[in-house]
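Structure file structure-v1.csv (CSV, C-alpha atoms) follows.
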chain,number,residue,atom,x,y,z
A,22,ASP,CA,9.3,-29.2,-10.4
A,23,GLN,CA,6.2,-27.5,-9.2
A,24,GLN,CA,3.5,-29.9,-8.2
A,25,VAL,CA,1.0,-27.2,-7.3
A,26,LYS,CA,0.6,-24.2,-9.5
A,27,GLN,CA,-1.3,-21.0,-8.9
A,28,ASN,CA,-0.7,-19.2,-12.2
A,29,SER,CA,-2.2,-15.9,-11.2
A,30,PRO,CA,0.0,-14.0,-8.8
A,31,SER,CA,-2.8,-11.4,-8.2
A,32,LEU,CA,-6.5,-10.8,-8.7
A,33,SER,CA,-8.5,-7.7,-8.2
A,34,VAL,CA,-12.3,-7.7,-7.9
A,35,GLN,CA,-15.0,-5.2,-6.8
A,36,GLU,CA,-16.8,-5.7,-3.6
A,37,GLY,CA,-20.0,-7.8,-4.0
A,38,ARG,CA,-18.7,-9.6,-7.1
A,39,ILE,CA,-17.4,-13.1,-7.4
A,40,SER,CA,-13.7,-13.9,-6.8
A,41,ILE,CA,-12.4,-17.1,-8.5
A,42,LEU,CA,-9.0,-18.4,-7.6
A,43,ASN,CA,-7.5,-21.2,-9.5
A,44,CYS,CA,-5.0,-24.0,-8.8
A,45,ASP,CA,-3.5,-26.7,-11.0
A,46,TYR,CA,-1.8,-29.8,-9.7
A,47,THR,CA,0.3,-32.5,-11.4
A,48,ASN,CA,-0.1,-35.7,-9.5
A,49,SER,CA,-3.4,-37.7,-9.7
A,50,MET,CA,-2.4,-39.4,-6.4
A,51,PHE,CA,-3.2,-36.3,-4.4
A,52,ASP,CA,-6.2,-37.1,-2.3
A,53,TYR,CA,-7.0,-34.0,-0.3
A,54,PHE,CA,-7.1,-30.4,-1.2
A,55,LEU,CA,-7.1,-27.3,0.9
A,56,TRP,CA,-7.3,-23.5,0.7
A,57,TYR,CA,-5.5,-21.3,3.2
A,58,LYS,CA,-5.8,-17.5,3.6
A,59,LYS,CA,-2.9,-15.4,4.8
A,60,TYR,CA,-2.8,-11.9,6.0
A,61,PRO,CA,0.5,-10.0,6.2
A,62,ALA,CA,2.6,-10.8,9.3
A,63,GLU,CA,0.3,-13.7,10.2
A,64,GLY,CA,0.5,-17.5,9.6
A,65,PRO,CA,-1.8,-19.1,7.0
A,66,THR,CA,-5.4,-19.8,8.2
A,67,PHE,CA,-7.4,-22.8,7.0
A,68,LEU,CA,-10.3,-21.8,4.9
A,69,ILE,CA,-12.0,-24.8,3.2
A,70,SER,CA,-11.1,-28.2,1.9
A,71,ILE,CA,-12.3,-31.0,-0.3
A,72,SER,CA,-11.6,-34.7,-0.6
A,73,SER,CA,-10.8,-36.3,-4.0
A,74,ILE,CA,-14.1,-38.3,-3.8
A,75,LYS,CA,-16.1,-35.1,-4.1
A,76,ASP,CA,-16.3,-32.4,-6.7
A,77,LYS,CA,-17.7,-29.5,-4.7
A,78,ASN,CA,-17.7,-28.3,-1.1
A,79,GLU,CA,-19.5,-25.2,0.3
A,80,ASP,CA,-19.0,-23.2,3.4
A,81,GLY,CA,-21.0,-20.0,3.5
A,82,ARG,CA,-19.6,-17.6,0.9
A,83,PHE,CA,-16.8,-20.0,0.0
A,84,THR,CA,-17.1,-22.9,-2.5
A,85,VAL,CA,-14.3,-25.2,-3.6
A,86,PHE,CA,-14.6,-27.1,-6.9
A,87,LEU,CA,-12.5,-30.0,-7.9
A,88,ASN,CA,-12.1,-31.3,-11.5
A,89,LYS,CA,-10.0,-34.4,-11.2
A,90,SER,CA,-9.8,-35.1,-14.9
A,91,ALA,CA,-8.3,-31.7,-15.4
A,92,LYS,CA,-6.3,-31.8,-12.2
A,93,HIS,CA,-7.8,-28.4,-11.4
A,94,LEU,CA,-9.1,-26.8,-8.2
A,95,SER,CA,-10.9,-23.5,-7.8
A,96,LEU,CA,-12.1,-21.4,-4.9
A,97,HIS,CA,-15.2,-19.2,-5.4
A,98,ILE,CA,-16.0,-16.4,-3.0
A,99,VAL,CA,-19.4,-14.9,-3.4
A,100,PRO,CA,-20.0,-12.1,-2.6
A,101,SER,CA,-16.5,-10.8,-2.1
A,102,GLN,CA,-15.8,-8.4,0.8
A,103,PRO,CA,-12.9,-6.0,1.4
A,104,GLY,CA,-11.9,-8.2,4.4
A,105,ASP,CA,-11.3,-11.1,2.0
A,106,SER,CA,-8.2,-9.2,0.7
A,107,ALA,CA,-5.3,-11.6,1.5
A,108,VAL,CA,-3.0,-14.1,-0.1
A,109,TYR,CA,-4.7,-17.4,-0.9
A,110,PHE,CA,-2.7,-20.6,-1.0
A,111,CYS,CA,-3.8,-23.8,-2.5
A,112,ALA,CA,-2.4,-26.9,-0.8
A,113,VAL,CA,-2.5,-30.6,-1.6
A,114,ARG,CA,-1.9,-33.8,0.4
A,115,GLY,CA,-0.7,-37.0,-1.1
A,116,GLY,CA,2.0,-39.6,-0.8
A,117,SER,CA,1.9,-39.3,3.0
A,118,ASN,CA,-0.7,-38.7,5.6
A,119,TYR,CA,0.7,-35.5,6.9
A,120,LYS,CA,2.7,-33.4,4.5
A,121,LEU,CA,1.1,-30.6,2.6
A,122,THR,CA,2.5,-29.1,-0.6
A,123,PHE,CA,1.6,-25.5,-1.2
A,124,GLY,CA,1.3,-23.3,-4.3
A,125,LYS,CA,2.9,-19.9,-4.5
A,126,GLY,CA,-0.3,-18.1,-3.6
A,127,THR,CA,-2.6,-15.5,-5.3
A,128,LEU,CA,-3.0,-12.0,-3.8
A,129,LEU,CA,-6.7,-11.1,-3.8
A,130,THR,CA,-7.6,-7.5,-3.5
A,131,VAL,CA,-11.3,-6.7,-3.0
A,132,ASN,CA,-12.0,-3.0,-3.8
A,133,PRO,CA,-14.8,-1.2,-1.9
B,5,ASP,CA,-6.5,-22.8,24.0
B,6,THR,CA,-4.7,-19.9,22.3
B,7,GLY,CA,-3.6,-21.8,19.2
B,8,VAL,CA,-0.1,-22.3,18.0
B,9,SER,CA,2.4,-19.9,19.6
B,10,GLN,CA,5.8,-19.0,18.1
B,11,ASP,CA,8.6,-17.0,19.7
B,12,PRO,CA,10.1,-14.7,18.8
B,13,ARG,CA,8.0,-13.0,16.2
B,14,HIS,CA,11.0,-11.3,14.6
B,15,LYS,CA,14.7,-12.0,14.8
B,16,ILE,CA,17.5,-10.0,13.2
B,17,THR,CA,20.9,-11.7,13.4
B,18,LYS,CA,24.3,-11.3,11.9
B,19,ARG,CA,25.6,-13.8,9.4
B,20,GLY,CA,27.4,-16.6,11.1
B,21,GLN,CA,25.4,-16.4,14.4
B,22,ASN,CA,23.2,-19.2,15.7
B,23,VAL,CA,19.5,-18.7,16.3
B,24,THR,CA,16.8,-20.7,18.0
B,25,PHE,CA,13.1,-20.5,17.5
B,26,ARG,CA,10.4,-22.0,19.7
B,27,CYS,CA,7.0,-23.3,18.9
B,28,ASP,CA,4.2,-24.3,21.3
B,29,PRO,CA,1.5,-26.3,19.5
B,30,ILE,CA,-2.1,-26.7,20.5
B,31,SER,CA,-1.9,-28.9,23.6
B,32,GLU,CA,-3.9,-31.9,22.3
B,33,HIS,CA,-2.1,-32.0,18.9
B,34,ASN,CA,0.4,-34.8,18.6
B,35,ARG,CA,1.8,-33.8,15.2
B,36,LEU,CA,4.0,-30.8,14.7
B,37,TYR,CA,5.5,-29.4,11.5
B,38,TRP,CA,8.0,-26.7,10.6
B,39,TYR,CA,7.7,-24.9,7.3
B,40,ARG,CA,9.6,-22.1,5.7
B,41,GLN,CA,8.2,-19.4,3.5
B,42,THR,CA,10.3,-17.0,1.4
B,43,LEU,CA,9.0,-14.0,-0.5
B,44,GLY,CA,6.8,-14.9,-3.4
B,45,GLN,CA,6.7,-18.6,-2.5
B,46,GLY,CA,4.2,-20.8,-0.6
B,47,PRO,CA,5.2,-22.5,2.6
B,48,GLU,CA,7.8,-25.3,2.1
B,49,PHE,CA,8.0,-28.4,4.3
B,50,LEU,CA,11.0,-28.7,6.5
B,51,THR,CA,10.3,-31.3,9.1
B,52,TYR,CA,7.6,-33.3,11.0
B,53,PHE,CA,7.2,-34.7,14.4
B,54,GLN,CA,4.7,-37.2,15.7
B,55,ASN,CA,4.9,-36.8,19.5
B,56,GLU,CA,8.6,-36.6,20.2
B,57,ALA,CA,9.8,-38.6,17.2
B,58,GLN,CA,11.1,-36.7,14.2
B,59,LEU,CA,9.8,-38.7,11.3
B,60,GLU,CA,10.8,-36.8,8.2
B,61,LYS,CA,13.3,-34.1,7.3
B,62,SER,CA,13.2,-32.3,4.0
B,63,ARG,CA,16.4,-32.0,2.0
B,64,LEU,CA,15.9,-28.2,2.4
B,65,LEU,CA,17.0,-28.8,6.0
B,66,SER,CA,20.8,-28.7,5.7
B,67,ASP,CA,23.0,-30.0,8.5
B,68,ARG,CA,23.1,-26.4,9.9
B,69,PHE,CA,19.4,-26.9,10.9
B,70,SER,CA,18.3,-29.0,13.8
B,71,ALA,CA,14.8,-29.5,15.3
B,72,GLU,CA,13.7,-31.1,18.5
B,73,ARG,CA,10.5,-31.8,20.3
B,74,PRO,CA,11.4,-33.1,23.7
B,75,LYS,CA,8.6,-34.9,25.5
B,76,GLY,CA,6.3,-34.3,22.6
B,77,SER,CA,5.3,-30.9,23.6
B,78,PHE,CA,7.0,-27.7,22.4
B,79,SER,CA,9.5,-27.7,19.6
B,80,THR,CA,12.7,-25.8,18.9
B,81,LEU,CA,14.3,-25.1,15.5
B,82,GLU,CA,18.0,-24.1,15.6
B,83,ILE,CA,20.0,-22.7,12.7
B,84,GLN,CA,23.7,-22.7,13.2
B,85,ARG,CA,26.1,-20.4,11.3
B,86,THR,CA,23.3,-18.4,9.7
B,87,GLU,CA,23.5,-17.3,6.1
B,88,GLN,CA,21.7,-14.6,4.2
B,89,GLY,CA,19.8,-17.3,2.3
B,90,ASP,CA,18.2,-18.4,5.6
B,91,SER,CA,16.2,-15.1,5.8
B,92,ALA,CA,12.6,-16.2,5.7
B,93,MET,CA,9.4,-16.7,7.7
B,94,TYR,CA,9.6,-19.9,9.7
B,95,LEU,CA,6.2,-21.3,10.3
B,96,CYS,CA,5.2,-23.9,12.9
B,97,ALA,CA,1.9,-25.9,12.6
B,98,SER,CA,0.2,-28.6,14.5
B,99,SER,CA,-2.5,-31.1,14.0
B,100,LEU,CA,-4.1,-34.3,15.4
B,101,ALA,CA,-3.3,-37.6,13.7
B,102,GLY,CA,-6.1,-38.5,11.3
B,103,THR,CA,-7.1,-35.0,10.5
B,104,TYR,CA,-6.2,-33.2,7.3
B,105,GLY,CA,-5.6,-29.6,8.0
B,106,TYR,CA,-3.0,-27.8,10.1
B,107,THR,CA,-3.2,-24.9,12.5
B,108,PHE,CA,-0.4,-22.6,11.8
B,109,GLY,CA,1.3,-20.2,14.2
B,110,SER,CA,2.0,-16.6,13.3
B,111,GLY,CA,5.6,-17.4,12.3
B,112,THR,CA,9.1,-16.1,13.2
B,113,ARG,CA,10.5,-13.7,10.6
B,114,LEU,CA,14.3,-14.2,10.4
B,115,THR,CA,16.5,-11.6,8.8
B,116,VAL,CA,20.2,-12.4,8.4
B,117,VAL,CA,22.3,-9.3,7.8

Could you take the file, read its structure, and then write that structure out as structure tokens?
Amino acid sequence: DQQVKQNSPSLSVQEGRISILNCDYTNSMFDYFLWYKKYPAEGPTFLISISSIKDKNEDGRFTVFLNKSAKHLSLHIVPSQPGDSAVYFCAVRGGSNYKLTFGKGTLLTVNP
Amino acid sequence: DTGVSQDPRHKITKRGQNVTFRCDPISEHNRLYWYRQTLGQGPEFLTYFQNEAQLEKSRLLSDRFSAERPKGSFSTLEIQRTEQGDSAMYLCASSLAGTYGYTFGSGTRLTVV
């Protein structure tokens, strides 16, 4: 039973355009949401997060949107750069104050 | 601080052998986690330590797996009698109590042949 779903295994965008990565979750008790980026042969790197009391958080080119009624999370990258090409994981926290549950990831490819 | 260190980066072992991985967390972090990632999946929780106490183990962690964190510093993950299904990336992460995100290490890639 997948609690966190990233339904797009891959996404390809042109450099300079917007990348939108999506994540759906099942449990309304999740209270904190994170995005991690992973390059091959490296561990995941924290990118940006949002608390359930907010609906938007920005950090430079990265913005995370949270729609609690739809149980939907999205990450916007504007403008996209070739160095953004990586696997992006959505992660959620809930039910404990330490454990994260990850989606399967979306491979983003930004073409020059 | 150089972040979370994991050793070795790669391990190839024959089925039935025992393997041990080491993780050195960020020094001031009191929480340490082990996750496992297989191809096409996100990281899956295995176990969690707060200081030296192992507070939770996933049911993914069969009795062939054991983890320790002596003195609340580095941690080891041992897999006994390895099976091909154990082939995965084993990720260690650490954090401070009260913070939300983890810092992951680069992982140990285990291949069981």

With a cut-off of 7 Å, could you pull out the residues of chain B touching chain A and give me the nearest pair of atoms for each, distance in Å to one decimal, using only C-alpha atoms, ordered by chain and ascending number, as a tab-separated table?
residue	atom	partner	partner_atom	distance
B:Gly44	CA	A:Lys125	CA	6.4
B:Gln45	CA	A:Lys125	CA	4.5
B:Gly46	CA	A:Lys125	CA	4.2
B:Pro47	CA	A:Phe123	CA	6.0
B:Leu95	CA	A:Gly64	CA	6.9
B:Phe108	CA	A:Gly64	CA	5.6
B:Gly109	CA	A:Gly64	CA	5.4
B:Ser110	CA	A:Gly64	CA	4.1
B:Gly111	CA	A:Gly64	CA	5.8

**Request:** Write out as a list in words the residues lying within 6 Å of segment 35-37 of chain A, counting all atoms listed in the file and excluding same-chain residues fewer than 6 positions away.
**Result:**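 Using all atoms listed in the file, the neighbours found are Pro100, Ser101, Gln102, Val131, Asn132 and Pro133 of chain A.
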
**Request:** Write out as a list of chain:residue names each polymer residue whose atoms come within 10 Å of Val23 of chain B, counting only C-alpha atoms; drop sequence neighbours fewer than 3 positions from it.
**Result:** B:Lys15, B:Ile16, B:Thr17, B:Lys18, B:Gly20, B:Phe69, B:Leu81, B:Glu82, B:Ile83, B:Gln84, B:Arg85, B:Thr86, B:Leu114

Centre, edges in Å (one decimal): axis-aligned box, segment 65-84 of chain B, 8 Å padding on all six sides, as AutoDock Vina command-line options:
--center_x 14.5 --center_y -28.8 --center_z 15.6 --size_x 34.4 --size_y 28.2 --size_z 35.8

**Prompt:** Mind pulling up the distance from atom CA of Phe25 of chain B to atom CA of Arg13 of chain B?
**Reply:**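 These atoms are spaced 9.2 Å apart.
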
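Distances from A:Leu32, A:Lys89, A:Gly104, A:Leu128 to Ser49 of chain A were compared using all atoms listed in the file, and the smallest one belongs to A:Lys89.
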
**Request:** Could you jot down the atom CA of Ser9 of chain B to atom CA of Asn34 of chain B separation for me, Å, one decimal place?
**Result:** 15.1 Å

**Message:** Report as JSON, numbers by chain all protein, DNA and RNA residues lying within 8 Å of Arg73 of chain B, evaluated on all atoms listed in the file, omitting residues in the same chain fewer than 4 positions from it.
**Reply:** {"B": [53, 55, 56, 57, 58, 77, 78, 79, 80]}

**Best match for closeness to Asp90 of chain B among B:Lys61, B:Arg26, B:Lys75, B:Arg40, counting all atoms listed in the file** =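 Checking each of B:Lys61, B:Arg26, B:Lys75, B:Arg40 against Asp90 of chain B, counting all atoms listed in the file, the winner is B:Arg40.
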
**Request:** For Leu96 of chain A, list every protein, DNA or RNA residue within 8 Å, evaluated using only C-alpha atoms, and leave out those in the same chain fewer than 6 positions away; present the list as an MDAnalysis selection string.
**Result:** chainID A and resid 40:43 56 83:86
